[in-house]
Amino acid sequence: MNSESIEELKARIAASGAKKLQDVEEFRVGMLGKKGEITRLFEEFRTVAPEQKREFGQKLNQLKQQAQAKIEELREAVEEEQTATTVDNDLTRPGDDFELGSRHPISLAREEIIGIFRKFGYNVAEGPEIEDDWHVFSALNFPPEHPARDMQDTFFIATDTDDKILLRTHTSSVQVRTMERMKTPPIRVICPGRVFRNEAISARAHCIFHQVEGLYIDRNVTFADLRQAILLFCREMFGPDVRIRMRPSYFPFTEPSSEVDVSCNICHGKGCNICKGTGWLEILGCGMVDPNVLSASGIDPDVYTGFAFGMGIERIAMLKWQVKDLRMYFENDVRFLKEFQTVV
Ligand code: PHE
């Protein structure tokens with residue numbers, strides 16, 4: 001027995017492979033079986049000179065361990081390979097799991113708002129996000145010097161011409177387009193869509209958000225009709241016990257104008273940090289369509305009257321699901337979106 005034969009055996013063990021379990025068994029018998037090569041070396045060990053026993057003994061033990069480890073390794077590899085191929089060939093195996101996505105809370109809220117107004121007989125109208133000054137401002141009775149036209153609030157698009165092109169700041173522009181198109185009332189539309197304002201992004205404000213605006217024009221439409229429509233909408237949206245309050249306000253395109261608050265559905269009027277202790281939450285702006293707006297779109301204000309209202313979808317969703325930071329709607333963090341998987 002000599003070191004060379006041990007080294008050679010080591011190399012052979014390291015290089016050996018197996019395709020099936022039988023190969024592994026043959027390898028084991030060849031090395032460690034009764035007549036195996038390592039077994040034989042252990043037998044020869046008896047004849048080794050006493051002063052070399054220690055060194056050879058160690059080497060032999062290492063060799064044995066190496067062989068045992070190799071046998072384990074080969075067996076595992078063969079078994080793994082076998083299960084992989086049988087599983088692949090098993091046509092009765094169920095398919096891979098896939099995760100269902102969820103609808104975005106803004107879509108959920110929008111669909112719910114639209115669904116409620118559809119029941120009231122409103123149709124959905126849509127229009128362009130890139131608009132001109134006429135549809136966003138002039139036709140809506142904004143005087144030329146009105147601050148909302150200012151660069152602070154509106155994203156203007158640089159053009160070669162004198163025509164002002166901009167990202168719409170509200171979906172009232174779609175109401176103008178609808179009036180221009182339909183000319184003869186009754187008109188009953190809601191206009192959902194994305195709007196843009198030049199605001200710093202924070203928990204309560206964003207430069208992109210979504211609105212649903214509504215318009216109803218017919219003979220003899222009154223402020224009482226407006227109030228009733230808003231009240232019925234709020235009851236459908238927030239539950240039968242919700243109360244509303246209308247505060248006088250100002251919009252260039254409505255007269256009189258009002259802002260609407262709903263009773264806080266979190267503290268039920270007792271006062272909490274969402275409603276800032278007041279028990280009320282502002283949800284929309286509304287009013288009777290200004291006669292100038294009707295005229296601008298070719299509708300005779302002596303014959304027809306109408307009301308309009310507009311609300312932010314983010315705000316409605318915020319109140320419904322108590323989302324405290326607007327930015328979450330835009331970040332698309334899957335953990336946040338998953339919370340809406342069960343909302344249908
Ligand atoms: N357009 C208004 C806004 O964006 C909302 C509104 C619509 C107010 C219709 C009154 C009537 O804030």
# chains A, B, ... in the order shown; residues from 1 in each chain; ligands from 1
$ select_by_dssp --residues "segment 46-171 of chain A" --states "alpha helix (DSSP H)" --output "ChimeraX atom specification"
/A:50-89,105-119,133-136
$ residues_around --residues "segment 275-283 of chain A" --least-positions-apart "3" --cutoff "6 Å" --atoms "only C-alpha atoms" --output "number ranges by chain"
A: 260-264, 269-272
$ write_last_selection --atoms "N, CA and C atoms" --output "tab-separated table (two decimals), in the first residue's frame"
chain	number	residue	atom	x	y	z
A	260	VAL	N	-70.73	70.78	-0.34
A	260	VAL	CA	-71.52	69.83	0.41
A	260	VAL	C	-70.63	69.04	1.37
A	261	ASP	N	-71.07	68.96	2.61
A	261	ASP	CA	-70.39	68.13	3.62
A	261	ASP	C	-71.28	66.94	3.94
A	262	VAL	N	-70.66	65.79	4.23
A	262	VAL	CA	-71.43	64.66	4.76
A	262	VAL	C	-71.03	64.45	6.22
A	263	SER	N	-71.98	63.89	6.99
A	263	SER	CA	-71.65	63.60	8.38
A	263	SER	C	-70.54	62.55	8.39
A	264	CYS	N	-69.58	62.73	9.28
A	264	CYS	CA	-68.39	61.86	9.30
A	264	CYS	C	-68.80	60.42	9.60
A	269	GLY	N	-70.29	61.89	13.65
A	269	GLY	CA	-70.64	63.24	14.11
A	269	GLY	C	-70.06	63.63	15.46
A	270	LYS	N	-69.41	62.68	16.12
A	270	LYS	CA	-68.88	63.01	17.46
A	270	LYS	C	-67.63	63.88	17.37
A	271	GLY	N	-66.91	63.75	16.28
A	271	GLY	CA	-65.66	64.51	16.14
A	271	GLY	C	-64.45	63.60	16.26
A	272	CYS	N	-63.66	63.48	15.18
A	272	CYS	CA	-62.45	62.64	15.23
A	272	CYS	C	-61.36	63.33	14.41
$ residues_near_ligand --ligand "ligand 1" --cutoff "10 Å" --atoms "only C-alpha atoms and all ligand atoms" --output "tab-separated table (two decimals) with N, CA, C and O atoms, in the first residue's frame"
chain	number	residue	atom	x	y	z
A	136	VAL	N	-62.19	74.45	-20.82
A	136	VAL	CA	-61.87	74.35	-19.39
A	136	VAL	C	-62.21	75.65	-18.65
A	136	VAL	O	-62.63	75.62	-17.50
A	140	LEU	N	-66.90	78.26	-19.36
A	140	LEU	CA	-67.41	78.07	-18.01
A	140	LEU	C	-67.43	79.38	-17.21
A	140	LEU	O	-67.44	79.37	-15.99
A	168	ARG	N	-56.51	69.42	-18.60
A	168	ARG	CA	-57.74	69.90	-17.95
A	168	ARG	C	-57.59	69.88	-16.43
A	168	ARG	O	-57.00	68.95	-15.85
A	169	THR	N	-58.12	70.91	-15.79
A	169	THR	CA	-58.02	71.02	-14.33
A	169	THR	C	-59.27	70.49	-13.66
A	169	THR	O	-59.32	70.34	-12.45
A	170	HIS	N	-60.31	70.26	-14.45
A	170	HIS	CA	-61.53	69.62	-13.94
A	170	HIS	C	-62.27	68.98	-15.11
A	170	HIS	O	-62.00	69.31	-16.28
A	171	THR	N	-63.20	68.07	-14.81
A	171	THR	CA	-63.93	67.42	-15.92
A	171	THR	C	-65.17	68.22	-16.31
A	171	THR	O	-65.98	67.76	-17.10
A	172	SER	N	-65.30	69.45	-15.77
A	172	SER	CA	-66.39	70.32	-16.24
A	172	SER	C	-66.26	70.56	-17.75
A	172	SER	O	-67.26	70.85	-18.42
A	173	SER	N	-65.04	70.43	-18.27
A	173	SER	CA	-64.84	70.59	-19.71
A	173	SER	C	-65.68	69.60	-20.51
A	173	SER	O	-66.16	69.89	-21.60
A	175	GLN	N	-68.55	68.48	-19.58
A	175	GLN	CA	-69.94	68.96	-19.54
A	175	GLN	C	-70.17	69.97	-20.65
A	175	GLN	O	-71.20	69.96	-21.31
A	195	VAL	N	-57.79	64.44	-13.86
A	195	VAL	CA	-57.55	65.88	-13.97
A	195	VAL	C	-56.18	66.23	-13.40
A	195	VAL	O	-55.58	65.44	-12.67
A	197	ARG	N	-53.54	69.33	-11.76
A	197	ARG	CA	-53.34	70.67	-11.20
A	197	ARG	C	-51.91	70.81	-10.69
A	197	ARG	O	-51.36	69.84	-10.14
A	210	HIS	N	-58.63	62.25	-9.74
A	210	HIS	CA	-59.78	61.84	-10.54
A	210	HIS	C	-61.05	62.50	-10.03
A	210	HIS	O	-61.22	62.67	-8.82
A	211	GLN	N	-61.90	62.85	-10.96
A	211	GLN	CA	-63.16	63.48	-10.58
A	211	GLN	C	-64.33	62.75	-11.23
A	211	GLN	O	-64.17	62.10	-12.26
A	212	VAL	N	-65.49	62.93	-10.62
A	212	VAL	CA	-66.73	62.64	-11.34
A	212	VAL	C	-67.55	63.91	-11.23
A	212	VAL	O	-67.81	64.39	-10.13
A	213	GLU	N	-67.87	64.46	-12.37
A	213	GLU	CA	-68.74	65.64	-12.35
A	213	GLU	C	-70.06	65.28	-12.99
A	213	GLU	O	-70.13	64.39	-13.84
A	214	GLY	N	-71.12	65.95	-12.58
A	214	GLY	CA	-72.46	65.63	-13.10
A	214	GLY	C	-73.15	66.88	-13.59
A	214	GLY	O	-72.85	68.00	-13.14
A	215	LEU	N	-74.06	66.70	-14.55
A	215	LEU	CA	-74.81	67.83	-15.12
A	215	LEU	C	-76.22	67.37	-15.43
A	215	LEU	O	-76.42	66.30	-16.03
A	249	SER	N	-71.06	78.78	-1.46
A	249	SER	CA	-69.69	78.81	-1.96
A	249	SER	C	-69.68	79.61	-3.26
A	249	SER	O	-70.67	80.23	-3.63
A	250	TYR	N	-68.55	79.55	-3.96
A	250	TYR	CA	-68.48	80.27	-5.24
A	250	TYR	C	-67.75	79.45	-6.30
A	250	TYR	O	-66.67	78.91	-6.04
A	251	PHE	N	-68.36	79.31	-7.45
A	251	PHE	CA	-67.69	78.81	-8.65
A	251	PHE	C	-68.12	79.73	-9.79
A	251	PHE	O	-69.27	80.17	-9.82
A	252	PRO	N	-67.22	79.99	-10.75
A	252	PRO	CA	-67.59	80.90	-11.83
A	252	PRO	C	-68.76	80.37	-12.67
A	252	PRO	O	-69.50	81.14	-13.26
A	253	PHE	N	-68.91	79.05	-12.71
A	253	PHE	CA	-69.88	78.45	-13.65
A	253	PHE	C	-71.22	78.11	-13.02
A	253	PHE	O	-72.10	77.58	-13.69
A	254	THR	N	-71.37	78.34	-11.71
A	254	THR	CA	-72.66	78.06	-11.08
A	254	THR	C	-73.10	79.25	-10.23
A	254	THR	O	-72.27	79.97	-9.67
A	255	GLU	N	-74.40	79.45	-10.15
A	255	GLU	CA	-74.94	80.53	-9.33
A	255	GLU	C	-76.38	80.21	-8.97
A	255	GLU	O	-77.20	80.09	-9.87
A	256	PRO	N	-76.76	80.01	-7.72
A	256	PRO	CA	-75.87	79.99	-6.57
A	256	PRO	C	-74.99	78.73	-6.55
A	256	PRO	O	-75.31	77.74	-7.21
A	257	SER	N	-73.94	78.79	-5.76
A	257	SER	CA	-73.02	77.66	-5.64
A	257	SER	C	-72.98	77.18	-4.19
A	257	SER	O	-73.27	77.95	-3.28
A	258	SER	N	-72.59	75.93	-4.05
A	258	SER	CA	-72.57	75.38	-2.70
A	258	SER	C	-71.49	74.30	-2.57
A	258	SER	O	-71.14	73.65	-3.56
A	259	GLU	N	-70.99	74.16	-1.36
A	259	GLU	CA	-70.14	73.01	-1.07
A	259	GLU	C	-70.92	72.09	-0.15
A	259	GLU	O	-71.69	72.56	0.70
A	284	LEU	N	-68.04	67.55	-1.99
A	284	LEU	CA	-68.20	68.03	-3.37
A	284	LEU	C	-68.60	69.49	-3.46
A	284	LEU	O	-69.02	70.10	-2.49
A	285	GLY	N	-68.47	70.00	-4.70
A	285	GLY	CA	-68.92	71.35	-5.01
A	285	GLY	C	-70.08	71.23	-5.99
A	285	GLY	O	-70.13	70.30	-6.80
A	286	CYS	N	-71.02	72.18	-5.94
A	286	CYS	CA	-72.18	72.08	-6.84
A	286	CYS	C	-72.86	73.43	-6.97
A	286	CYS	O	-72.47	74.41	-6.31
A	287	GLY	N	-73.87	73.48	-7.79
A	287	GLY	CA	-74.63	74.72	-7.93
A	287	GLY	C	-75.53	74.68	-9.15
A	287	GLY	O	-75.54	73.70	-9.91
A	288	MET	N	-76.31	75.77	-9.32
A	288	MET	CA	-77.17	75.89	-10.50
A	288	MET	C	-76.33	76.46	-11.64
A	288	MET	O	-75.63	77.47	-11.46
A	289	VAL	N	-76.40	75.83	-12.79
A	289	VAL	CA	-75.56	76.24	-13.92
A	289	VAL	C	-75.82	77.72	-14.25
A	289	VAL	O	-76.98	78.13	-14.42
A	290	ASP	N	-74.75	78.49	-14.31
A	290	ASP	CA	-74.87	79.92	-14.60
A	290	ASP	C	-75.46	80.11	-16.00
A	290	ASP	O	-75.05	79.43	-16.95
A	307	PHE	N	-78.49	71.91	-12.98
A	307	PHE	CA	-77.51	71.93	-11.90
A	307	PHE	C	-76.29	71.12	-12.29
A	307	PHE	O	-76.34	70.27	-13.21
A	308	ALA	N	-75.18	71.39	-11.60
A	308	ALA	CA	-73.93	70.66	-11.85
A	308	ALA	C	-73.29	70.39	-10.50
A	308	ALA	O	-73.52	71.09	-9.53
A	309	PHE	N	-72.51	69.33	-10.48
A	309	PHE	CA	-71.77	69.03	-9.24
A	309	PHE	C	-70.47	68.33	-9.62
A	309	PHE	O	-70.35	67.80	-10.74
A	310	GLY	N	-69.51	68.35	-8.73
A	310	GLY	CA	-68.23	67.70	-9.01
A	310	GLY	C	-67.58	67.21	-7.74
A	310	GLY	O	-67.61	67.92	-6.72
A	311	MET	N	-67.06	66.00	-7.81
A	311	MET	CA	-66.40	65.46	-6.60
A	311	MET	C	-65.08	64.78	-6.98
A	311	MET	O	-64.90	64.33	-8.11
A	312	GLY	N	-64.18	64.71	-6.01
A	312	GLY	CA	-62.90	64.02	-6.23
A	312	GLY	C	-63.05	62.56	-5.82
A	312	GLY	O	-63.51	62.26	-4.72
$ residues_around --residues "Gly17 of chain A" --least-positions-apart "6" --cutoff "9 Å" --atoms "only C-alpha atoms" --output "PDB file with N, CA, C and O atoms, in the first residue's frame"
ATOM      1  N   ASP A  23     -26.204   2.383 -10.399  1.00  0.00           N
ATOM      2  CA  ASP A  23     -24.817   2.869 -10.541  1.00  0.00           C
ATOM      3  C   ASP A  23     -24.246   3.243  -9.173  1.00  0.00           C
ATOM      4  O   ASP A  23     -23.083   2.976  -8.871  1.00  0.00           O
ATOM      5  N   VAL A  24     -25.088   3.866  -8.357  1.00  0.00           N
ATOM      6  CA  VAL A  24     -24.627   4.293  -7.029  1.00  0.00           C
ATOM      7  C   VAL A  24     -24.265   3.069  -6.198  1.00  0.00           C
ATOM      8  O   VAL A  24     -23.226   3.016  -5.527  1.00  0.00           O
ATOM      9  N   PHE A  27     -21.079   1.531  -7.294  1.00  0.00           N
ATOM     10  CA  PHE A  27     -19.968   2.346  -6.810  1.00  0.00           C
ATOM     11  C   PHE A  27     -19.683   2.041  -5.333  1.00  0.00           C
ATOM     12  O   PHE A  27     -18.545   1.875  -4.921  1.00  0.00           O
ATOM     13  N   LEU A  74     -24.350  11.240  -4.712  1.00  0.00           N
ATOM     14  CA  LEU A  74     -24.840  10.644  -5.965  1.00  0.00           C
ATOM     15  C   LEU A  74     -26.281  10.169  -5.810  1.00  0.00           C
ATOM     16  O   LEU A  74     -27.110  10.363  -6.690  1.00  0.00           O
TER      17      LEU A  74
END
$ atom_distance --atom1 "atom CA of Ile316 of chain A" --atom2 "atom CA of Leu167 of chain A"
22.7 Å
$ residues_around --residues "Lys324 of chain A" --least-positions-apart "2" --cutoff "12 Å" --atoms "only C-alpha atoms" --output "ChimeraX atom specification"
/A:202-205,273-275,314-322,326-329
$ write_last_selection --atoms "C-alpha atoms" --output "PDB file, in the first residue's frame"
ATOM      1  CA  SER A 202     -48.521  65.711  -0.117  1.00  0.00           C
ATOM      2  CA  ALA A 203     -50.768  63.402   1.912  1.00  0.00           C
ATOM      3  CA  ARG A 204     -53.738  65.623   1.050  1.00  0.00           C
ATOM      4  CA  ALA A 205     -52.941  66.916  -2.440  1.00  0.00           C
ATOM      5  CA  ASN A 273     -59.099  63.395  13.599  1.00  0.00           C
ATOM      6  CA  ILE A 274     -60.407  62.604  10.089  1.00  0.00           C
ATOM      7  CA  CYS A 275     -63.142  65.248  10.322  1.00  0.00           C
ATOM      8  CA  GLU A 314     -59.729  59.996  -4.211  1.00  0.00           C
ATOM      9  CA  ARG A 315     -61.550  61.915  -1.512  1.00  0.00           C
ATOM     10  CA  ILE A 316     -64.632  59.679  -1.676  1.00  0.00           C
ATOM     11  CA  ALA A 317     -62.436  56.556  -1.571  1.00  0.00           C
ATOM     12  CA  MET A 318     -60.478  58.048   1.308  1.00  0.00           C
ATOM     13  CA  LEU A 319     -63.650  58.485   3.345  1.00  0.00           C
ATOM     14  CA  LYS A 320     -65.038  55.103   2.402  1.00  0.00           C
ATOM     15  CA  TRP A 321     -61.914  53.110   3.217  1.00  0.00           C
ATOM     16  CA  GLN A 322     -60.172  55.529   5.566  1.00  0.00           C
ATOM     17  CA  LEU A 326     -53.452  60.278  -1.072  1.00  0.00           C
ATOM     18  CA  ARG A 327     -50.059  59.204  -2.357  1.00  0.00           C
ATOM     19  CA  MET A 328     -50.906  55.562  -1.670  1.00  0.00           C
ATOM     20  CA  TYR A 329     -53.305  55.594  -4.630  1.00  0.00           C
TER      21      TYR A 329
END
$ residues_around --residues "Leu60 of chain A" --least-positions-apart "5" --cutoff "12 Å" --atoms "only C-alpha atoms" --output "VMD selection string"
chain A and resid 1 to 3 5 to 7 9 to 10 32 37 to 45 53 to 55 65 to 67
$ closest_residue --among "A:Arg110, A:Gly95, A:Asn265, A:Val78" --to "Phe209 of chain A" --atoms "only C-alpha atoms"
A:Arg110
$ residues_around --residues "Arg103 of chain A" --least-positions-apart "2" --cutoff "7 Å" --atoms "only C-alpha atoms" --output "PDB file with N, CA and C atoms, in the first residue's frame"
ATOM      1  N   GLY A 101     -55.348  39.261  -9.147  1.00  0.00           N
ATOM      2  CA  GLY A 101     -55.075  40.663  -8.852  1.00  0.00           C
ATOM      3  C   GLY A 101     -56.266  41.268  -8.136  1.00  0.00           C
ATOM      4  N   PRO A 105     -58.509  50.790  -5.801  1.00  0.00           N
ATOM      5  CA  PRO A 105     -59.577  51.468  -5.057  1.00  0.00           C
ATOM      6  C   PRO A 105     -60.213  52.635  -5.818  1.00  0.00           C
ATOM      7  N   SER A 107     -60.653  52.773  -9.047  1.00  0.00           N
ATOM      8  CA  SER A 107     -61.601  52.164 -10.002  1.00  0.00           C
ATOM      9  C   SER A 107     -62.859  51.707  -9.281  1.00  0.00           C
ATOM     10  N   LEU A 108     -62.661  51.097  -8.101  1.00  0.00           N
ATOM     11  CA  LEU A 108     -63.813  50.616  -7.338  1.00  0.00           C
ATOM     12  C   LEU A 108     -64.754  51.776  -6.986  1.00  0.00           C
ATOM     13  N   PHE A 340     -57.700  45.490  -1.093  1.00  0.00           N
ATOM     14  CA  PHE A 340     -58.969  45.692  -1.791  1.00  0.00           C
ATOM     15  C   PHE A 340     -59.413  44.456  -2.554  1.00  0.00           C
ATOM     16  N   GLN A 341     -58.682  43.330  -2.331  1.00  0.00           N
ATOM     17  CA  GLN A 341     -59.010  42.102  -3.047  1.00  0.00           C
ATOM     18  C   GLN A 341     -60.431  41.628  -2.744  1.00  0.00           C
TER      19      GLN A 341
END
$ atom_distance --atom1 "atom CA of Asp162 of chain A" --atom2 "atom CA of Trp134 of chain A"
12.9 Å
$ atom_distance --atom1 "atom CA of Asp133 of chain A" --atom2 "atom CA of Leu166 of chain A"
7.2 Å
$ select_by_dssp --residues "segment 109-177 of chain A" --states "strand (DSSP E)" --output "list in words"
Asn123, Val124, Ile130, Glu131, Asp132, Phe156, Ile157, Ile165, Leu166 and Leu167 of chain A
$ write_last_selection --atoms "C-alpha atoms" --output "CSV table (one decimal), in the first residue's frame"
chain,number,residue,atom,x,y,z
A,123,ASN,CA,-75.3,58.6,-18.9
A,124,VAL,CA,-71.5,58.6,-18.8
A,130,ILE,CA,-55.5,67.7,-23.2
A,131,GLU,CA,-57.9,70.6,-23.6
A,132,ASP,CA,-58.2,74.1,-24.8
A,156,PHE,CA,-50.1,74.7,-19.9
A,157,ILE,CA,-48.6,73.0,-22.9
A,165,ILE,CA,-53.5,74.2,-24.8
A,166,LEU,CA,-53.5,72.7,-21.3
A,167,LEU,CA,-54.2,69.7,-19.2
$ residues_around --residues "Ala125 of chain A" --least-positions-apart "5" --cutoff "8 Å" --atoms "only C-alpha atoms" --output "list of chain:residue names"
A:Val174, A:Thr178, A:Val189, A:Ile190, A:Cys191, A:Pro192
